[in-house]
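Visitor: Please find start_0.txt (compact mmCIF, C-alpha atoms) on the next line:
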```txt
# COMPACT_ATOMS: atom_id res chain seq x y z
CA MET A 8 0.00 0.00 0.00
CA THR A 9 1.50 3.35 -1.00
CA ALA A 10 1.66 6.25 1.44
CA THR A 11 0.11 9.58 0.49
CA MET A 12 1.08 12.85 2.09
CA GLY A 13 -1.68 14.83 3.74
CA ALA A 14 -2.99 16.35 6.92
CA CYS A 15 -3.80 14.18 9.90
CA SER A 16 -7.53 14.36 10.55
CA HIS A 17 -9.00 13.87 14.03
CA GLY A 18 -12.36 13.81 15.77
CA GLY A 19 -13.61 16.30 18.34
CA ILE A 20 -15.96 19.24 18.01
CA TYR A 21 -13.40 21.30 16.11
CA SER A 22 -13.13 18.66 13.38
CA VAL A 23 -16.20 20.17 11.69
CA ALA A 24 -16.84 23.73 10.55
CA ASP A 25 -20.21 23.84 12.31
CA HIS A 26 -18.78 22.96 15.74
CA LYS A 27 -21.30 25.20 17.50
CA LYS A 28 -24.04 22.86 16.30
CA VAL A 29 -22.56 19.90 18.21
CA ARG A 30 -24.88 18.87 21.05
CA ALA A 31 -23.17 15.55 21.72
CA ASP A 32 -19.69 14.55 20.56
CA PHE A 33 -19.27 10.83 19.81
CA SER A 34 -16.30 11.42 17.52
CA SER A 35 -13.68 11.64 20.31
CA ASN A 36 -13.17 8.50 22.36
CA VAL A 37 -12.15 9.59 25.86
CA ASN A 38 -13.19 8.19 29.25
CA PRO A 39 -17.01 8.52 29.34
CA LEU A 40 -16.88 9.63 32.98
CA GLY A 41 -14.54 12.53 32.21
CA ALA A 42 -11.67 13.46 34.51
CA PRO A 43 -11.41 12.07 38.06
CA ARG A 44 -12.93 14.35 40.68
CA GLY A 45 -9.63 14.50 42.54
CA ALA A 46 -7.81 15.79 39.47
CA VAL A 47 -10.40 18.53 38.94
CA LYS A 48 -10.18 19.54 42.60
CA VAL A 49 -6.40 19.79 42.38
CA ILE A 50 -6.72 22.18 39.45
CA GLU A 51 -9.31 24.30 41.25
CA ARG A 52 -7.26 24.39 44.45
CA GLN A 53 -3.80 24.94 42.95
CA ALA A 54 -4.48 27.05 39.85
CA GLY A 55 -3.59 30.32 41.56
CA GLN A 56 -0.45 28.83 43.08
CA LEU A 57 0.82 27.06 39.95
CA ALA A 58 -0.07 29.58 37.24
CA PRO A 59 2.76 32.08 37.96
CA VAL A 60 5.42 29.38 38.53
CA TYR A 61 7.45 27.60 35.87
CA PRO A 62 6.60 23.87 35.91
CA ASP A 63 9.19 21.20 36.64
CA PRO A 64 10.76 20.60 33.20
CA GLU A 65 11.60 17.01 34.19
CA CYS A 66 8.12 16.18 35.59
CA ARG A 67 9.82 14.44 38.51
CA ASP A 68 6.83 14.10 40.84
CA LEU A 69 4.60 13.02 37.97
CA LYS A 70 7.14 10.40 36.91
CA LYS A 71 7.08 9.05 40.47
CA GLY A 72 3.30 8.77 40.23
CA ILE A 73 3.56 6.98 36.88
CA SER A 74 6.29 4.71 38.28
CA LYS A 75 4.01 3.63 41.12
CA TYR A 76 1.04 3.23 38.76
CA ILE A 77 2.67 1.11 36.07
CA GLY A 78 5.57 -0.46 37.98
CA VAL A 79 8.71 0.73 36.17
CA ASP A 80 11.69 2.82 37.19
CA THR A 81 11.38 6.59 36.66
CA ARG A 82 14.40 6.44 34.32
CA GLN A 83 12.25 4.41 31.92
CA ILE A 84 9.51 7.05 31.69
CA THR A 85 9.07 9.96 29.32
CA VAL A 86 6.23 12.47 29.75
CA GLY A 87 4.74 14.42 26.86
CA ASN A 88 2.22 17.10 26.06
CA GLY A 89 -0.21 14.36 25.10
CA ALA A 90 0.83 10.99 23.71
CA ALA A 91 1.09 12.60 20.26
CA GLU A 92 4.17 14.57 21.29
CA ILE A 93 5.97 11.35 22.21
CA ILE A 94 5.08 9.84 18.83
CA TYR A 95 6.94 12.74 17.20
CA TRP A 96 9.93 12.33 19.54
CA PHE A 97 10.07 8.64 18.66
CA ALA A 98 9.93 9.39 14.93
CA ARG A 99 12.62 12.09 15.10
CA ALA A 100 14.87 9.83 17.16
CA PHE A 101 14.48 6.57 15.25
CA ALA A 102 12.61 6.95 11.91
CA LYS A 103 15.54 7.65 9.61
CA LYS A 104 14.73 5.94 6.31
CA ARG A 105 11.69 3.62 6.47
CA VAL A 106 8.96 2.67 8.92
CA VAL A 107 6.23 0.03 8.86
CA ILE A 108 2.64 0.80 9.87
CA PRO A 109 -0.33 -1.62 9.81
CA ALA A 110 -3.35 0.14 8.29
CA PRO A 111 -5.84 1.47 9.05
CA THR A 112 -4.61 2.96 12.31
CA PHE A 113 -3.91 6.29 14.04
CA CYS A 114 -2.70 8.80 11.45
CA GLU A 115 -0.08 10.57 13.57
CA TYR A 116 2.34 7.64 13.15
CA GLU A 117 2.40 8.30 9.41
CA LEU A 118 2.62 12.07 9.68
CA ALA A 119 5.35 12.02 12.33
CA SER A 120 7.42 9.57 10.29
CA LYS A 121 7.13 11.61 7.12
CA LYS A 122 8.06 14.80 8.94
CA ALA A 123 11.14 12.96 10.19
CA GLY A 124 12.02 12.17 6.56
CA ALA A 125 11.15 8.48 6.53
CA ASP A 126 9.26 6.54 3.89
CA VAL A 127 6.20 4.63 5.10
CA THR A 128 5.33 1.04 4.22
CA PHE A 129 1.73 0.22 5.07
CA VAL A 130 0.73 -3.36 5.85
CA PRO A 131 -3.04 -3.72 5.29
CA LEU A 132 -5.00 -5.44 8.03
CA SER A 133 -6.54 -8.74 6.98
CA ALA A 134 -10.28 -9.34 6.53
CA GLY A 135 -12.15 -8.33 9.67
CA PHE A 136 -9.40 -5.79 10.45
CA VAL A 137 -7.06 -8.49 11.80
CA LEU A 138 -3.37 -7.72 12.33
CA ASP A 139 -1.19 -9.99 10.17
CA ALA A 140 1.92 -10.49 12.31
CA GLU A 141 3.88 -12.41 9.68
CA ALA A 142 3.27 -9.71 7.07
CA VAL A 143 4.43 -6.99 9.50
CA ILE A 144 7.56 -8.94 10.44
CA LYS A 145 8.39 -9.51 6.76
CA SER A 146 7.88 -5.84 5.90
CA ALA A 147 9.93 -4.77 8.91
CA ARG A 148 13.14 -6.35 7.62
CA GLY A 149 15.56 -3.48 7.26
CA ALA A 150 13.07 -0.92 8.57
CA ASP A 151 13.99 1.59 11.25
CA ALA A 152 10.72 1.33 13.15
CA VAL A 153 7.32 -0.32 13.44
CA PHE A 154 4.23 1.41 14.83
CA MET A 155 1.39 -0.65 16.32
CA CYS A 156 -1.75 0.22 18.28
CA ASN A 157 -3.46 -2.18 20.73
CA PRO A 158 -6.43 -1.94 20.87
CA ASN A 159 -6.26 -0.47 17.42
CA ASN A 160 -7.76 2.88 16.49
CA PRO A 161 -10.23 3.14 14.73
CA THR A 162 -11.23 -0.54 14.83
CA GLY A 163 -11.24 -0.98 18.61
CA LEU A 164 -9.87 -4.52 18.27
CA LEU A 165 -7.22 -6.11 20.46
CA ALA A 166 -4.48 -8.10 18.73
CA THR A 167 -2.31 -8.89 21.75
CA ASP A 168 -0.93 -12.24 20.58
CA ALA A 169 -0.13 -10.88 17.11
CA VAL A 170 1.53 -7.77 18.56
CA ARG A 171 3.61 -9.92 20.89
CA LYS A 172 4.66 -12.04 17.92
CA VAL A 173 5.81 -8.93 16.05
CA ILE A 174 7.79 -7.68 19.04
CA GLU A 175 9.52 -11.05 19.33
CA GLY A 176 9.96 -11.43 15.55
CA VAL A 177 11.62 -8.20 14.40
CA ASP A 178 15.36 -7.62 14.58
CA PRO A 179 15.98 -5.58 17.75
CA SER A 180 19.39 -4.44 16.52
CA THR A 181 17.90 -2.55 13.57
CA THR A 182 14.22 -1.90 14.30
CA LYS A 183 12.55 0.05 17.09
CA ILE A 184 8.91 -0.55 17.97
CA LEU A 185 6.34 1.92 19.26
CA LEU A 186 3.34 0.13 20.77
CA ASP A 187 0.45 2.51 21.44
CA GLU A 188 -1.62 1.34 24.43
CA CYS A 189 -3.52 4.58 24.93
CA PHE A 190 -6.86 2.74 25.18
CA ILE A 191 -5.68 -0.38 27.03
CA GLU A 192 -7.11 0.64 30.40
CA LEU A 193 -10.64 0.79 28.96
CA VAL A 194 -10.71 -2.75 27.51
CA ASP A 195 -12.33 -5.54 29.54
CA LYS A 196 -9.09 -7.15 30.76
CA PRO A 197 -6.25 -4.63 30.60
CA GLU A 198 -3.86 -6.64 32.77
CA ALA A 199 -4.11 -9.62 30.43
CA ASN A 200 -3.50 -7.51 27.32
CA THR A 201 -0.92 -4.89 28.21
CA LEU A 202 2.58 -5.67 26.97
CA ALA A 203 4.33 -2.95 28.96
CA CYS A 204 6.21 -5.65 30.89
CA MET A 205 8.02 -6.59 27.66
CA VAL A 206 10.21 -3.47 27.85
CA ARG A 207 12.30 -5.38 30.40
CA ASP A 208 13.49 -7.88 27.82
CA HIS A 209 13.11 -5.87 24.60
CA GLU A 210 15.31 -2.79 24.57
CA ASN A 211 13.92 -1.73 21.19
CA LEU A 212 10.35 -1.36 22.55
CA VAL A 213 8.52 1.81 23.58
CA VAL A 214 5.02 1.45 25.08
CA LEU A 215 2.85 4.55 24.87
CA ARG A 216 0.04 5.52 27.26
CA SER A 217 -2.27 8.53 27.54
CA LEU A 218 -4.15 10.17 30.38
CA THR A 219 -6.13 11.90 27.63
CA LYS A 220 -8.07 8.71 26.92
CA SER A 221 -8.06 6.63 30.07
CA PHE A 222 -8.54 9.49 32.54
CA GLY A 223 -10.62 11.86 30.42
CA MET A 224 -8.07 14.68 30.40
CA ALA A 225 -7.92 15.54 26.68
CA GLY A 226 -7.82 19.29 27.28
CA LEU A 227 -4.82 19.05 29.62
CA ARG A 228 -2.64 17.15 27.09
CA LEU A 229 -0.77 14.49 29.06
CA GLY A 230 0.81 11.26 27.87
CA TYR A 231 3.76 9.09 28.79
CA SER A 232 5.83 6.16 27.58
CA VAL A 233 7.85 3.38 29.16
CA SER A 234 10.97 1.89 27.59
CA SER A 235 14.59 1.16 28.35
CA PRO A 236 16.40 4.11 29.95
CA ALA A 237 18.49 4.47 26.77
CA LEU A 238 15.43 4.89 24.54
CA ALA A 239 13.79 7.21 27.06
CA GLU A 240 16.90 9.41 27.07
CA ALA A 241 17.04 9.46 23.26
CA MET A 242 13.41 10.60 23.02
CA GLU A 243 13.62 13.17 25.81
CA ALA A 244 16.56 14.77 23.99
CA ARG A 245 13.96 15.92 21.42
CA LYS A 246 11.61 17.65 23.84
CA THR A 247 11.14 21.39 24.26
CA PRO A 248 11.62 23.03 27.68
CA TRP A 249 8.60 22.99 30.02
CA ASN A 250 6.61 20.85 27.60
CA VAL A 251 4.07 19.80 30.28
CA ASN A 252 2.37 22.60 32.19
CA GLY A 253 2.11 22.66 35.98
CA LEU A 254 -1.65 22.12 36.16
CA ALA A 255 -1.41 19.05 33.93
CA GLN A 256 1.38 17.62 36.09
CA ALA A 257 -0.59 18.14 39.31
CA ALA A 258 -3.81 16.77 37.82
CA GLY A 259 -1.95 13.77 36.41
CA ILE A 260 -0.55 12.84 39.81
CA ALA A 261 -4.04 13.01 41.35
CA ALA A 262 -5.62 11.06 38.47
CA LEU A 263 -3.14 8.19 38.62
CA ALA A 264 -3.83 7.80 42.33
CA ASP A 265 -7.53 7.13 41.61
CA ARG A 266 -7.54 3.67 40.03
CA SER A 267 -11.23 3.23 40.83
CA HIS A 268 -12.14 5.95 38.31
CA VAL A 269 -10.85 3.92 35.37
CA ALA A 270 -12.36 0.73 36.80
CA ARG A 271 -15.81 2.35 36.92
CA ALA A 272 -15.41 3.63 33.37
CA ARG A 273 -14.31 0.18 32.17
CA ALA A 274 -17.43 -1.45 33.64
CA LEU A 275 -19.63 1.24 32.09
CA VAL A 276 -18.01 0.79 28.68
CA ALA A 277 -18.53 -2.98 28.68
CA ARG A 278 -22.20 -2.60 29.60
CA GLU A 279 -22.99 0.31 27.30
CA ARG A 280 -21.11 -1.09 24.32
CA ARG A 281 -23.43 -4.12 24.42
CA PHE A 282 -26.46 -1.84 24.72
CA LEU A 283 -25.41 0.29 21.74
CA HIS A 284 -24.58 -2.68 19.53
CA ASP A 285 -27.98 -4.26 20.17
CA ARG A 286 -29.96 -1.04 19.83
CA ILE A 287 -28.23 0.18 16.66
CA LYS A 288 -28.48 -3.20 14.95
CA ARG A 289 -32.16 -3.65 15.82
CA LYS A 290 -33.56 -0.18 15.31
CA ALA A 291 -31.17 1.84 13.15
CA GLY A 292 -30.58 -0.87 10.57
CA LEU A 293 -26.83 -0.27 10.61
CA VAL A 294 -24.01 -2.77 11.21
CA PRO A 295 -21.98 -2.15 14.39
CA LEU A 296 -18.68 -4.05 14.26
CA LYS A 297 -17.03 -5.99 17.07
CA SER A 298 -14.83 -3.98 19.40
CA ASP A 299 -12.84 -4.50 22.59
CA ALA A 300 -12.54 -0.80 23.39
CA ASN A 301 -14.61 2.27 24.30
CA TYR A 302 -15.42 2.94 20.62
CA PHE A 303 -16.44 0.90 17.60
CA LEU A 304 -16.97 1.09 13.87
CA ILE A 305 -20.39 1.16 12.21
CA GLN A 306 -20.71 0.02 8.62
CA LEU A 307 -23.07 2.17 6.58
CA PRO A 308 -25.41 0.87 3.86
CA GLU A 309 -24.05 0.27 0.38
CA GLY A 310 -23.72 3.55 -1.52
CA ASP A 311 -23.64 5.74 1.58
CA ASN A 312 -20.68 8.05 2.23
CA SER A 313 -19.25 8.44 5.73
CA ALA A 314 -18.38 12.15 5.45
CA GLU A 315 -21.79 13.00 4.02
CA PHE A 316 -23.51 10.83 6.65
CA ARG A 317 -21.61 12.60 9.44
CA ASP A 318 -22.62 16.01 8.12
CA ARG A 319 -26.29 15.05 7.64
CA LEU A 320 -26.42 13.52 11.11
CA LEU A 321 -24.94 16.64 12.71
CA LYS A 322 -27.29 18.95 10.84
CA LYS A 323 -30.38 16.92 11.68
CA THR A 324 -29.63 15.84 15.28
CA GLY A 325 -26.64 17.77 16.64
CA VAL A 326 -24.77 14.48 17.16
CA LEU A 327 -21.19 14.27 15.85
CA VAL A 328 -19.57 10.98 14.82
CA ARG A 329 -16.15 10.23 13.32
CA ASP A 330 -15.86 9.97 9.56
CA CYS A 331 -13.35 7.14 9.02
CA SER A 332 -12.63 7.74 5.34
CA THR A 333 -9.65 9.87 6.39
CA PHE A 334 -7.85 6.82 7.84
CA THR A 335 -5.33 5.39 5.38
CA GLY A 336 -6.66 2.03 4.23
CA MET A 337 -10.32 2.71 5.14
CA ASP A 338 -13.21 3.06 2.71
CA SER A 339 -16.01 5.64 2.89
CA ARG A 340 -18.60 3.30 4.40
CA HIS A 341 -17.54 3.41 8.05
CA ILE A 342 -18.06 5.80 10.91
CA ARG A 343 -16.65 5.46 14.43
CA VAL A 344 -18.60 6.21 17.60
CA ALA A 345 -17.50 6.47 21.22
CA VAL A 346 -19.23 4.69 24.08
CA LYS A 347 -20.49 7.24 26.59
CA THR A 348 -22.97 7.34 29.48
CA HIS A 349 -26.36 5.62 29.08
CA ARG A 350 -28.22 8.92 28.68
CA GLU A 351 -25.81 10.05 25.96
CA ASN A 352 -25.87 6.65 24.27
CA ILE A 353 -29.65 6.80 24.02
CA MET A 354 -29.19 10.17 22.29
CA LEU A 355 -26.79 8.56 19.81
CA ALA A 356 -29.10 5.64 19.15
CA LYS A 357 -32.08 7.91 18.52
CA ALA A 358 -30.00 10.12 16.24
CA LEU A 359 -28.91 7.14 14.13
CA GLU A 360 -32.48 5.85 14.04
CA ALA A 361 -33.59 9.26 12.72
CA MET A 362 -31.31 8.72 9.72
CA THR A 363 -32.97 5.51 8.62
CA PRO A 364 -35.74 5.60 6.01
CA GLY A 365 -38.89 6.87 7.74
CA GLY A 366 -36.87 8.05 10.75
```
Render the structure in this file as structure tokens.

Guide:
Amino acid sequence: MTATMGACSHGGIYSVADHKKVRADFSSNVNPLGAPRGAVKVIERQAGQLAPVYPDPECRDLKKGISKYIGVDTRQITVGNGAAEIIYWFARAFAKKRVVIPAPTFCEYELASKKAGADVTFVPLSAGFVLDAEAVIKSARGADAVFMCNPNNPTGLLATDAVRKVIEGVDPSTTKILLDECFIELVDKPEANTLACMVRDHENLVVLRSLTKSFGMAGLRLGYSVSSPALAEAMEARKTPWNVNGLAQAAGIAALADRSHVARARALVARERRFLHDRIKRKAGLVPLKSDANYFLIQLPEGDNSAEFRDRLLKKTGVLVRDCSTFTGMDSRHIRVAVKTHRENIMLAKALEAMTPGG
């Protein structure tokens, strides 16, 4: 599959020109419960104190919180202004000539690699959006880096065994791997599917996480990665001074201390994902696809166009969904929706039902 240069399109209310018409945003897939109460209280309590003070450029206290949360040494942690910043550090540090990216997946891997001057080899997912480990390993021969996402975005599918096979199958002396686990905490069994422990034995592996997704802190921009100390040092050499603001650091420490917040969101997602799948399939006449995450794809009827459907839906109902035609390797018959609270999910279901003939 040949790479094409272009902008990286995202969801969120500002992804459409008529953002003031958005009543409910199902295009961005963050924690449906929002930010932990403790994190919000920290911001409210410390805003006046932190605003006039330069933040710690090394994020030392936050790294200690991450170290306790995920169980690695602070020397193995990098902290970014969102996970996206770390993707760009990784690309600038390691993507010299060629990278391998399964597709469709998150577009920032492609854009970061191209900005670093690397060519991109896409490996199409198999039927049913399945990751083909052997094809990735074959394509990775001689490549500088491989990007993978588990669960994948936009499909929402876990491919833990296949990802592990890729990590074990590529040449660690030539090829670095970035494994994006930004949604792992919102799948049903995160402990059984995270591969962060593999950084101990694979010094070419970087595992990426995001408080944006799992802790509902998209506006604060906070992500981190775990890797060998050598890779962490190489990536941090690319960062700008004071890249993470003081409020984000304080809120991140408080959020990571509240494990119950993510556990409640995970239970809600599992329950509401089943509700949405059943309701959409029965009443909206659309085809919701299997997912392990807090979002899933919906296949539109033959002849429909995802961008046009998104725009019609927004105009008619005020509900925004993600047009997936902008993902490399995707057609124009799929939209992506986030799983939110029951009240919001009923709003989504009714909006989709209103788009069916006679609705």

Visitor: If we count all atoms listed in the file, what is near Phe190 (chain A) at a cut-off of 8 Å, once residues fewer than 6 positions away on the same chain are taken out, given as a list in words?

Guide: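 Within the cut-off, the hits are Asn157, Pro158, Arg216, Ser217, Lys220, Ser221, Ala300 and Asn301 of chain A.
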
Visitor: Write the residues of the selection above to a file with C-alpha atoms, as a short mmCIF file (atom, residue, chain, number, x, y, z; two decimals), in the frame of the given file.

Guide:
```cif
data_model
loop_
_atom_site.label_atom_id
_atom_site.label_comp_id
_atom_site.auth_asym_id
_atom_site.auth_seq_id
_atom_site.Cartn_x
_atom_site.Cartn_y
_atom_site.Cartn_z
CA ASN A 157 -3.46 -2.18 20.73
CA PRO A 158 -6.43 -1.94 20.87
CA ARG A 216 0.04 5.52 27.26
CA SER A 217 -2.27 8.53 27.54
CA LYS A 220 -8.07 8.71 26.92
CA SER A 221 -8.06 6.63 30.07
CA ALA A 300 -12.54 -0.80 23.39
CA ASN A 301 -14.61 2.27 24.30
#
```

Visitor: Closest to Ile260 (chain A) among A:Asp63, A:Asp32, A:Asp168, A:Asp68, using all atoms listed in the file?

Guide: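 Going through A:Asp63, A:Asp32, A:Asp168, A:Asp68 one by one, the smallest distance to Ile260 (chain A) is for A:Asp68.
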
Visitor: Between CA of Arg343 (chain A) and CA of Pro308 (chain A), what is the distance, to one decimal in Å?

Guide: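 The value is 14.5 Å.
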
Visitor: One decimal, Å: what's the distance from CA of Asp208 (chain A) over to CA of Ala100 (chain A), could you say?

Guide: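 Value for the CA of Asp208 (chain A)-CA of Ala100 (chain A) distance: 20.7 Å.
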
Visitor: Skipping near chain neighbours, those fewer than 2 positions away, what residues fall within 12 Å of Arg67 (chain A) using all atoms listed in the file, listed as a compact mmCIF listing (two decimals) with C-alpha atoms, keeping the file's coordinate frame?

Guide:
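Output file around_36.txt follows:
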```
# COMPACT_ATOMS: atom_id res chain seq x y z
CA PRO A 62 6.60 23.87 35.91
CA ASP A 63 9.19 21.20 36.64
CA PRO A 64 10.76 20.60 33.20
CA GLU A 65 11.60 17.01 34.19
CA LEU A 69 4.60 13.02 37.97
CA LYS A 70 7.14 10.40 36.91
CA LYS A 71 7.08 9.05 40.47
CA GLY A 72 3.30 8.77 40.23
CA ILE A 73 3.56 6.98 36.88
CA SER A 74 6.29 4.71 38.28
CA ASP A 80 11.69 2.82 37.19
CA THR A 81 11.38 6.59 36.66
CA ARG A 82 14.40 6.44 34.32
CA ILE A 84 9.51 7.05 31.69
CA THR A 85 9.07 9.96 29.32
CA VAL A 86 6.23 12.47 29.75
CA VAL A 251 4.07 19.80 30.28
CA GLY A 253 2.11 22.66 35.98
CA GLN A 256 1.38 17.62 36.09
CA ALA A 257 -0.59 18.14 39.31
CA GLY A 259 -1.95 13.77 36.41
CA ILE A 260 -0.55 12.84 39.81
```

Visitor: Using only C-alpha atoms, which of the listed residues (A:Lys28, A:Arg340, A:Arg317, A:Arg271) sits closest to Leu293 (chain A)?

Guide: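 Ranked by minimum distance to Leu293 (chain A), first place goes to A:Arg340.
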
Visitor: Using all atoms listed in the file, collect all residues at a distance of at most 8 Å from (8.6, 6.1, 28.0) as written in the file, then present them as a list in words.

Guide: Gln83, Ile84, Thr85, Val86, Val213, Val214, Leu215, Tyr231, Ser232, Val233, Ser234, Ser235, Leu238 and Ala239 of chain A

Visitor: Could you check the closest approach to Thr167 (chain A) for each of A:Ser267, A:Leu296, A:Lys196, A:Phe334 and tell me which residue wins, using all atoms listed in the file?

Guide: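 Among the listed residues, A:Lys196 lies closest to Thr167 (chain A).
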
Visitor: Could you tell me how far CA of Ala261 (chain A) sits from CA of Gly55 (chain A), in Å to one decimal place?

Guide: 17.3 Å

Visitor: List as JSON, numbers by chain: which residues have an atom within 8 Å of (-6.3, 2.8, 15.2), counting only C-alpha atoms?

Guide: {"A": [110, 111, 112, 113, 114, 156, 157, 158, 159, 160, 161, 162, 163]}

Visitor: Output C-alpha atoms for every residue in the selection just made, as a PDB file, keeping the file's coordinate frame.

Guide:
```
ATOM      1  CA  ALA A 110      -3.350   0.140   8.290  1.00  0.00           C
ATOM      2  CA  PRO A 111      -5.840   1.470   9.050  1.00  0.00           C
ATOM      3  CA  THR A 112      -4.610   2.960  12.310  1.00  0.00           C
ATOM      4  CA  PHE A 113      -3.910   6.290  14.040  1.00  0.00           C
ATOM      5  CA  CYS A 114      -2.700   8.800  11.450  1.00  0.00           C
ATOM      6  CA  CYS A 156      -1.750   0.220  18.280  1.00  0.00           C
ATOM      7  CA  ASN A 157      -3.460  -2.180  20.730  1.00  0.00           C
ATOM      8  CA  PRO A 158      -6.430  -1.940  20.870  1.00  0.00           C
ATOM      9  CA  ASN A 159      -6.260  -0.470  17.420  1.00  0.00           C
ATOM     10  CA  ASN A 160      -7.760   2.880  16.490  1.00  0.00           C
ATOM     11  CA  PRO A 161     -10.230   3.140  14.730  1.00  0.00           C
ATOM     12  CA  THR A 162     -11.230  -0.540  14.830  1.00  0.00           C
ATOM     13  CA  GLY A 163     -11.240  -0.980  18.610  1.00  0.00           C
TER      14      GLY A 163
END
```

Visitor: Generate the missing atoms of region 304-310 of chain A up to all heavy atoms and report them as a short mmCIF file (atom, residue, chain, number, x, y, z; two decimals), in the coordinates of the input.

Guide:
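As a result, selection-v1.cif now contains:
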```
data_model
loop_
_atom_site.label_atom_id
_atom_site.label_comp_id
_atom_site.auth_asym_id
_atom_site.auth_seq_id
_atom_site.Cartn_x
_atom_site.Cartn_y
_atom_site.Cartn_z
N LEU A 304 -16.61 0.70 15.22
CA LEU A 304 -16.97 1.09 13.87
C LEU A 304 -18.42 0.70 13.58
O LEU A 304 -18.92 -0.31 14.08
CB LEU A 304 -16.06 0.41 12.85
CG LEU A 304 -14.59 0.81 12.83
CD1 LEU A 304 -13.82 -0.08 11.85
CD2 LEU A 304 -14.42 2.28 12.46
N ILE A 305 -19.06 1.49 12.74
CA ILE A 305 -20.39 1.16 12.21
C ILE A 305 -20.29 1.19 10.70
O ILE A 305 -19.82 2.17 10.11
CB ILE A 305 -21.45 2.17 12.68
CG1 ILE A 305 -21.59 2.12 14.21
CG2 ILE A 305 -22.80 1.88 12.01
CD1 ILE A 305 -22.56 3.15 14.76
N GLN A 306 -20.70 0.08 10.07
CA GLN A 306 -20.71 0.02 8.62
C GLN A 306 -22.01 0.58 8.09
O GLN A 306 -23.10 0.17 8.51
CB GLN A 306 -20.53 -1.43 8.15
CG GLN A 306 -20.44 -1.57 6.64
CD GLN A 306 -20.12 -2.99 6.23
OE1 GLN A 306 -19.08 -3.53 6.58
NE2 GLN A 306 -21.03 -3.60 5.49
N LEU A 307 -21.90 1.52 7.16
CA LEU A 307 -23.07 2.17 6.58
C LEU A 307 -23.60 1.35 5.41
O LEU A 307 -22.90 0.51 4.85
CB LEU A 307 -22.69 3.58 6.12
CG LEU A 307 -22.14 4.52 7.20
CD1 LEU A 307 -21.73 5.84 6.57
CD2 LEU A 307 -23.16 4.75 8.31
N PRO A 308 -24.83 1.60 5.00
CA PRO A 308 -25.41 0.87 3.86
C PRO A 308 -24.62 1.12 2.58
O PRO A 308 -23.95 2.14 2.42
CB PRO A 308 -26.82 1.45 3.76
CG PRO A 308 -27.12 1.98 5.12
CD PRO A 308 -25.82 2.48 5.65
N GLU A 309 -24.70 0.16 1.69
CA GLU A 309 -24.05 0.27 0.38
C GLU A 309 -24.45 1.58 -0.30
O GLU A 309 -25.63 1.95 -0.33
CB GLU A 309 -24.46 -0.91 -0.51
CG GLU A 309 -23.74 -0.99 -1.83
CD GLU A 309 -22.32 -1.49 -1.69
OE1 GLU A 309 -22.09 -2.38 -0.85
OE2 GLU A 309 -21.45 -0.97 -2.42
N GLY A 310 -23.46 2.30 -0.82
CA GLY A 310 -23.72 3.55 -1.52
C GLY A 310 -23.69 4.78 -0.64
O GLY A 310 -23.67 5.90 -1.15
#
```
